[in-house]
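Pasting data-v6.pdb here (PDB, C-alpha atoms):
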```pdb
MODEL        1
ATOM      1  CA  MET R  15     -14.408-133.686 -94.081
ATOM      2  CA  LYS R  16     -17.822-132.161 -93.476
ATOM      3  CA  TRP R  17     -18.897-135.195 -91.425
ATOM      4  CA  ILE R  18     -15.840-134.731 -89.142
ATOM      5  CA  LYS R  19     -16.796-131.086 -88.581
ATOM      6  CA  ASN R  20     -20.388-132.133 -87.751
ATOM      7  CA  LEU R  21     -19.129-134.849 -85.412
ATOM      8  CA  CYS R  22     -16.888-132.335 -83.573
ATOM      9  CA  ALA R  23     -19.847-129.956 -83.188
ATOM     10  CA  LEU R  24     -21.953-132.799 -81.793
ATOM     11  CA  PHE R  25     -19.263-133.697 -79.226
ATOM     12  CA  ALA R  26     -18.926-130.046 -78.204
ATOM     13  CA  ALA R  27     -22.703-129.773 -77.665
ATOM     14  CA  ALA R  28     -22.735-132.995 -75.627
ATOM     15  CA  ALA R  29     -19.904-131.677 -73.440
ATOM     16  CA  LEU R  30     -22.036-128.621 -72.546
ATOM     17  CA  LEU R  31     -24.732-130.934 -71.220
ATOM     18  CA  ILE R  32     -22.259-132.697 -68.946
ATOM     19  CA  VAL R  33     -20.243-129.739 -67.608
ATOM     20  CA  PRO R  34     -22.198-127.556 -65.154
ATOM     21  CA  LEU R  35     -22.587-123.954 -66.232
ATOM     22  CA  ALA R  36     -22.109-122.544 -62.720
ATOM     23  CA  PRO R  37     -19.776-123.761 -59.997
ATOM     24  CA  ALA R  38     -21.314-125.602 -57.057
ATOM     25  CA  THR R  39     -21.706-123.502 -53.919
ATOM     26  CA  ALA R  40     -20.571-124.609 -50.478
ATOM     27  CA  ALA R  41     -23.171-125.277 -47.772
ATOM     28  CA  MET R  42     -24.136-122.168 -45.840
ATOM     29  CA  ASN R  43     -23.722-121.882 -42.089
ATOM     30  CA  TYR R  44     -25.801-119.752 -39.746
ATOM     31  CA  SER R  45     -24.784-118.132 -36.483
ATOM     32  CA  THR R  46     -26.551-119.231 -33.309
ATOM     33  CA  ALA R  47     -28.316-115.857 -33.209
ATOM     34  CA  VAL R  48     -29.742-116.440 -36.702
ATOM     35  CA  LYS R  49     -30.751-120.016 -35.810
ATOM     36  CA  ASN R  50     -32.542-118.753 -32.687
ATOM     37  CA  ALA R  51     -34.334-116.020 -34.662
ATOM     38  CA  ARG R  52     -35.523-118.577 -37.250
ATOM     39  CA  LEU R  53     -36.866-120.834 -34.487
ATOM     40  CA  ASP R  54     -38.600-117.982 -32.646
ATOM     41  CA  ALA R  55     -40.248-117.000 -35.943
ATOM     42  CA  VAL R  56     -41.993-120.401 -36.039
ATOM     43  CA  GLU R  57     -44.013-119.669 -32.899
ATOM     44  CA  SER R  58     -44.667-116.019 -33.733
ATOM     45  CA  THR R  59     -45.823-116.918 -37.252
ATOM     46  CA  ILE R  60     -48.205-119.661 -36.077
ATOM     47  CA  GLY R  61     -49.368-117.383 -33.255
ATOM     48  CA  THR R  62     -50.715-117.719 -29.748
ATOM     49  CA  SER R  63     -53.339-120.297 -28.826
ATOM     50  CA  ALA R  64     -52.122-122.802 -31.398
ATOM     51  CA  ILE R  65     -53.894-126.146 -31.768
ATOM     52  CA  LEU R  66     -52.132-129.518 -32.048
ATOM     53  CA  LYS R  67     -54.011-132.404 -33.643
ATOM     54  CA  ILE R  68     -52.844-136.012 -33.737
ATOM     55  CA  TYR R  69     -53.996-138.029 -36.745
ATOM     56  CA  SER R  70     -53.952-141.659 -37.783
ATOM     57  CA  GLY R  71     -52.279-142.508 -41.076
ATOM     58  CA  SER R  72     -49.383-140.983 -42.977
ATOM     59  CA  LYS R  73     -48.266-137.369 -42.821
ATOM     60  CA  PRO R  74     -49.148-135.310 -45.910
ATOM     61  CA  SER R  75     -46.148-134.267 -48.023
ATOM     62  CA  THR R  76     -46.561-130.570 -47.205
ATOM     63  CA  CYS R  77     -48.618-128.358 -44.907
ATOM     64  CA  ALA R  78     -50.571-127.240 -47.995
ATOM     65  CA  ASP R  79     -51.833-130.778 -48.651
ATOM     66  CA  ALA R  80     -55.135-132.008 -47.205
ATOM     67  CA  ARG R  81     -54.984-133.843 -43.881
ATOM     68  CA  THR R  82     -55.527-137.591 -44.096
ATOM     69  CA  GLY R  83     -56.669-140.089 -41.495
ATOM     70  CA  THR R  84     -58.798-139.560 -38.406
ATOM     71  CA  VAL R  85     -58.282-136.881 -35.754
ATOM     72  CA  LEU R  86     -57.414-138.902 -32.654
ATOM     73  CA  ALA R  87     -56.598-136.090 -30.219
ATOM     74  CA  THR R  88     -56.901-132.293 -30.180
ATOM     75  CA  MET R  89     -54.870-130.076 -27.843
ATOM     76  CA  SER R  90     -55.286-126.358 -27.279
ATOM     77  CA  LEU R  91     -51.707-125.321 -26.609
ATOM     78  CA  PRO R  92     -50.816-122.693 -24.002
ATOM     79  CA  SER R  93     -50.814-119.095 -25.229
ATOM     80  CA  ASP R  94     -46.999-119.098 -25.072
ATOM     81  CA  TRP R  95     -46.425-122.663 -26.244
ATOM     82  CA  MET R  96     -42.658-122.607 -26.902
ATOM     83  CA  ALA R  97     -39.738-121.270 -24.850
ATOM     84  CA  ALA R  98     -37.441-118.665 -26.369
ATOM     85  CA  ALA R  99     -34.857-120.304 -28.584
ATOM     86  CA  SER R 100     -31.430-120.837 -27.093
ATOM     87  CA  SER R 101     -28.321-122.449 -28.589
ATOM     88  CA  GLY R 102     -30.228-123.288 -31.791
ATOM     89  CA  SER R 103     -33.023-125.176 -30.028
ATOM     90  CA  LYS R 104     -36.538-124.369 -28.826
ATOM     91  CA  ALA R 105     -38.550-126.473 -26.331
ATOM     92  CA  LYS R 106     -42.259-126.685 -25.522
ATOM     93  CA  LEU R 107     -43.706-124.678 -22.661
ATOM     94  CA  GLY R 108     -46.563-125.687 -20.425
ATOM     95  CA  THR R 109     -48.754-128.749 -20.575
ATOM     96  CA  TRP R 110     -49.838-130.164 -23.925
ATOM     97  CA  THR R 111     -52.761-132.452 -23.090
ATOM     98  CA  ASP R 112     -56.063-133.654 -24.492
ATOM     99  CA  ALA R 113     -58.043-134.844 -21.455
ATOM    100  CA  THR R 114     -60.376-136.950 -23.619
ATOM    101  CA  ALA R 115     -59.098-138.250 -26.962
ATOM    102  CA  ASP R 116     -61.470-137.756 -29.899
ATOM    103  CA  ALA R 117     -61.259-141.223 -31.481
ATOM    104  CA  THR R 118     -59.600-144.629 -31.332
ATOM    105  CA  GLY R 119     -56.697-145.428 -33.638
ATOM    106  CA  THR R 120     -52.938-145.476 -34.118
ATOM    107  CA  GLY R 121     -51.192-142.110 -34.105
ATOM    108  CA  GLY R 122     -49.199-141.537 -37.273
ATOM    109  CA  TYR R 123     -48.583-137.805 -37.481
ATOM    110  CA  TRP R 124     -49.383-134.457 -35.904
ATOM    111  CA  THR R 125     -50.068-130.940 -37.111
ATOM    112  CA  ILE R 126     -49.819-127.662 -35.214
ATOM    113  CA  PHE R 127     -52.368-125.197 -36.543
ATOM    114  CA  ALA R 128     -52.890-121.494 -35.929
ATOM    115  CA  SER R 129     -55.737-120.710 -33.501
ATOM    116  CA  ASP R 130     -58.244-121.078 -36.372
ATOM    117  CA  GLY R 131     -57.590-124.835 -36.357
ATOM    118  CA  THR R 132     -57.134-124.960 -40.138
ATOM    119  CA  THR R 133     -53.953-123.041 -41.011
ATOM    120  CA  CYS R 134     -51.115-125.570 -40.826
ATOM    121  CA  GLY R 135     -47.908-124.192 -39.374
ATOM    122  CA  ILE R 136     -45.803-127.301 -38.807
ATOM    123  CA  GLN R 137     -46.308-131.059 -38.958
ATOM    124  CA  GLY R 138     -44.353-134.210 -38.263
ATOM    125  CA  THR R 139     -44.444-137.885 -37.372
ATOM    126  CA  ILE R 140     -45.407-139.666 -34.158
ATOM    127  CA  THR R 141     -43.845-142.861 -32.891
ATOM    128  CA  ALA R 142     -43.667-144.719 -29.614
ATOM    129  CA  THR R 143     -40.861-143.628 -27.291
ATOM    130  CA  GLY R 144     -37.528-144.544 -28.843
ATOM    131  CA  GLY R 145     -39.023-144.829 -32.340
ATOM    132  CA  GLY R 146     -37.456-141.652 -33.716
ATOM    133  CA  GLY R 147     -40.640-139.682 -34.432
ATOM    134  CA  ASP R 148     -40.777-135.910 -34.235
ATOM    135  CA  ILE R 149     -43.104-136.434 -31.257
ATOM    136  CA  THR R 150     -43.004-139.612 -29.202
ATOM    137  CA  LEU R 151     -45.762-141.043 -27.026
ATOM    138  CA  ASP R 152     -45.627-143.881 -24.498
ATOM    139  CA  SER R 153     -47.900-145.698 -26.935
ATOM    140  CA  VAL R 154     -49.193-144.657 -30.355
ATOM    141  CA  SER R 155     -52.399-146.653 -29.690
ATOM    142  CA  ILE R 156     -54.967-144.061 -28.673
ATOM    143  CA  THR R 157     -58.430-144.921 -27.336
ATOM    144  CA  ALA R 158     -61.345-142.495 -27.482
ATOM    145  CA  GLY R 159     -61.776-140.811 -24.118
ATOM    146  CA  GLN R 160     -58.256-141.457 -22.823
ATOM    147  CA  GLU R 161     -55.903-138.661 -21.799
ATOM    148  CA  VAL R 162     -53.113-137.939 -24.294
ATOM    149  CA  THR R 163     -50.114-135.873 -23.150
ATOM    150  CA  ILE R 164     -47.040-134.741 -25.048
ATOM    151  CA  GLY R 165     -44.164-135.066 -22.584
ATOM    152  CA  SER R 166     -41.496-133.281 -24.582
ATOM    153  CA  PHE R 167     -41.204-131.480 -27.891
ATOM    154  CA  SER R 168     -38.406-129.384 -29.316
ATOM    155  CA  LEU R 169     -37.342-127.782 -32.566
ATOM    156  CA  THR R 170     -33.721-127.600 -33.652
ATOM    157  CA  SER R 171     -32.308-125.341 -36.344
ATOM    158  CA  GLY R 172     -29.689-126.901 -38.557
ATOM    159  CA  ASN R 173     -27.342-125.187 -40.964
TER     160      ASN R 173
ENDMDL
END
```

Give the structure from the file, written as structure tokens.
Amino acid sequence: MKWIKNLCALFAAAALLIVPLAPATAAMNYSTAVKNARLDAVESTIGTSAILKIYSGSKPSTCADARTGTVLATMSLPSDWMAAASSGSKAKLGTWTDATADATGTGGYWTIFASDGTTCGIQGTITATGGGGDITLDSVSITAGQEVTIGSFSLTSGN
């Protein structure tokens, strides 16, 4: 009889491991005003006179990780580099250009830094137009000395 009692206790303990202790919560939704405020906070947190650098190689996992690859292009962004958010989206302002690329290589990712050039604010991937990158270029092959221009860039706030 004692072994049956122990077996029942074992099954009860195993059931606790399977059944969640708290109910799952539904996905949250944000109003457009909240989405816009979150997007506008990106630019205000990074600050004016941000710097965009294009690198070869793979994007680091987080902004806190060390940059990898070679800096191919460096762009000093306009003082007001993003438009005010509207309808949950925020687009670039002004011209984002490096008149003379720093090195030759294949663009793999980009980072936007604060004006100090070292504090990472946001980063993403680069692909050729139609490739689905966070930034797309006509060609990801960059040659030292060539002009590199970002035609379009936007941020979108999801729920």

Item to check | Best match for closeness to R:Thr62 among R:Gly145, R:Gly119, R:Pro74, R:Gly131, counting all atoms listed in the file | outcome: R:Gly131

Checklist entry - Written as a list in words, what is the full residue list that the PyMOL selection byres ((chain R and resi 153) around 8) yields on the file shown? => result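 This file gives the following for the PyMOL selection byres ((chain R and resi 153) around 8): Thr141, Ala142, Thr143, Leu151, Asp152, Val154, Ser155 and Ile156 of chain R.
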
Item to check | Hits of the PyMOL selection byres ((chain R and resi 120) around 12) in this structure, as a list in words | outcome: Ile68, Tyr69, Ser70, Gly71, Ser72, Gly83, Thr84, Val85, Leu86, Ala87, Ala115, Ala117, Thr118, Gly119, Gly121, Gly122, Tyr123, Trp124, Thr139, Ile140, Thr141, Ala142, Leu151, Ser153, Val154, Ser155, Ile156, Thr157 and Ala158 of chain R

Next on the checklist: Residues proximal to (-52.9, -122.2, -31.8) were defined as those with any atom within 9 Å of that point in the file's coordinates, counting only C-alpha atoms. Which are they, as a list in words?
Outcome noted: Ile60, Gly61, Thr62, Ser63, Ala64, Ile65, Leu66, Ser90, Leu91, Pro92, Ser93, Trp95, Ile126, Phe127, Ala128, Ser129, Asp130 and Gly131 of chain R

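For the structure shown here, the set of residues caught by the PyMOL selection byres ((chain R and resi 162-166) around 8) is Ala87, Ala105, Lys106, Thr109, Trp110, Thr111, Asp112, Ala113, Thr114, Ala115, Ile149, Thr150, Leu151, Ile156, Gln160, Glu161, Phe167 and Ser168 of chain R.
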
Can I get the selected residues back with C-alpha atoms, as a PDB file, in the coordinates of the input?
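File produced: out-v3.pdb:
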```pdb
ATOM      1  CA  ALA R  87     -56.598-136.090 -30.219  1.00  0.00           C
ATOM      2  CA  ALA R 105     -38.550-126.473 -26.331  1.00  0.00           C
ATOM      3  CA  LYS R 106     -42.259-126.685 -25.522  1.00  0.00           C
ATOM      4  CA  THR R 109     -48.754-128.749 -20.575  1.00  0.00           C
ATOM      5  CA  TRP R 110     -49.838-130.164 -23.925  1.00  0.00           C
ATOM      6  CA  THR R 111     -52.761-132.452 -23.090  1.00  0.00           C
ATOM      7  CA  ASP R 112     -56.063-133.654 -24.492  1.00  0.00           C
ATOM      8  CA  ALA R 113     -58.043-134.844 -21.455  1.00  0.00           C
ATOM      9  CA  THR R 114     -60.376-136.950 -23.619  1.00  0.00           C
ATOM     10  CA  ALA R 115     -59.098-138.250 -26.962  1.00  0.00           C
ATOM     11  CA  ILE R 149     -43.104-136.434 -31.257  1.00  0.00           C
ATOM     12  CA  THR R 150     -43.004-139.612 -29.202  1.00  0.00           C
ATOM     13  CA  LEU R 151     -45.762-141.043 -27.026  1.00  0.00           C
ATOM     14  CA  ILE R 156     -54.967-144.061 -28.673  1.00  0.00           C
ATOM     15  CA  GLN R 160     -58.256-141.457 -22.823  1.00  0.00           C
ATOM     16  CA  GLU R 161     -55.903-138.661 -21.799  1.00  0.00           C
ATOM     17  CA  PHE R 167     -41.204-131.480 -27.891  1.00  0.00           C
ATOM     18  CA  SER R 168     -38.406-129.384 -29.316  1.00  0.00           C
TER      19      SER R 168
END
```

As JSON, please report the centre and edge lengths, rounded to one decimal in Å, of the axis-aligned box that holds all listed atoms of stretch 130-139 of chain R with 5 Å of padding on each of the six sides.
```
{"center_x": -51.3, "center_y": -129.5, "center_z": -38.7, "size_x": 23.9, "size_y": 26.8, "size_z": 14.7}
```

Checklist entry - Which is closer to R:Met96 than all the others in R:Ile136, R:Leu169, R:Ser75, R:Met42, using all atoms listed in the file? => result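 Smallest separation from R:Met96 among the options: R:Leu169.
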
Checklist entry - Using only C-alpha atoms, which residues sit within 8 Å of stretch 44-47 of chain R once same-chain residues fewer than 3 positions away are excluded, as a list in words? => result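 In the requested format, the answer is Asn50, Ala51, Ser101, Gly102 and Asn173 of chain R.
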
Next on the checklist: Using only C-alpha atoms, can you tell me which of R:Ser103, R:Ser171, R:Thr125, R:Thr88 comes closest to R:Gly159?
Outcome noted: R:Thr88

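From atom CA of R:Gly172 back to atom CA of R:Glu57, the distance works out to 17.0 Å.
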
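Between atom CA of R:Arg81 and atom CA of R:Asp116 there is a distance of 15.9 Å.
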
Checklist outcome for this item: One decimal place gives the atom CA of R:Asp94-atom CA of R:Asn43 separation as 29.0 Å

Checklist entry - For R:Cys134, which residue among R:Thr76, R:Ser58, R:Thr170, R:Ser100 is the nearest when counting only C-alpha atoms? => result R:Thr76
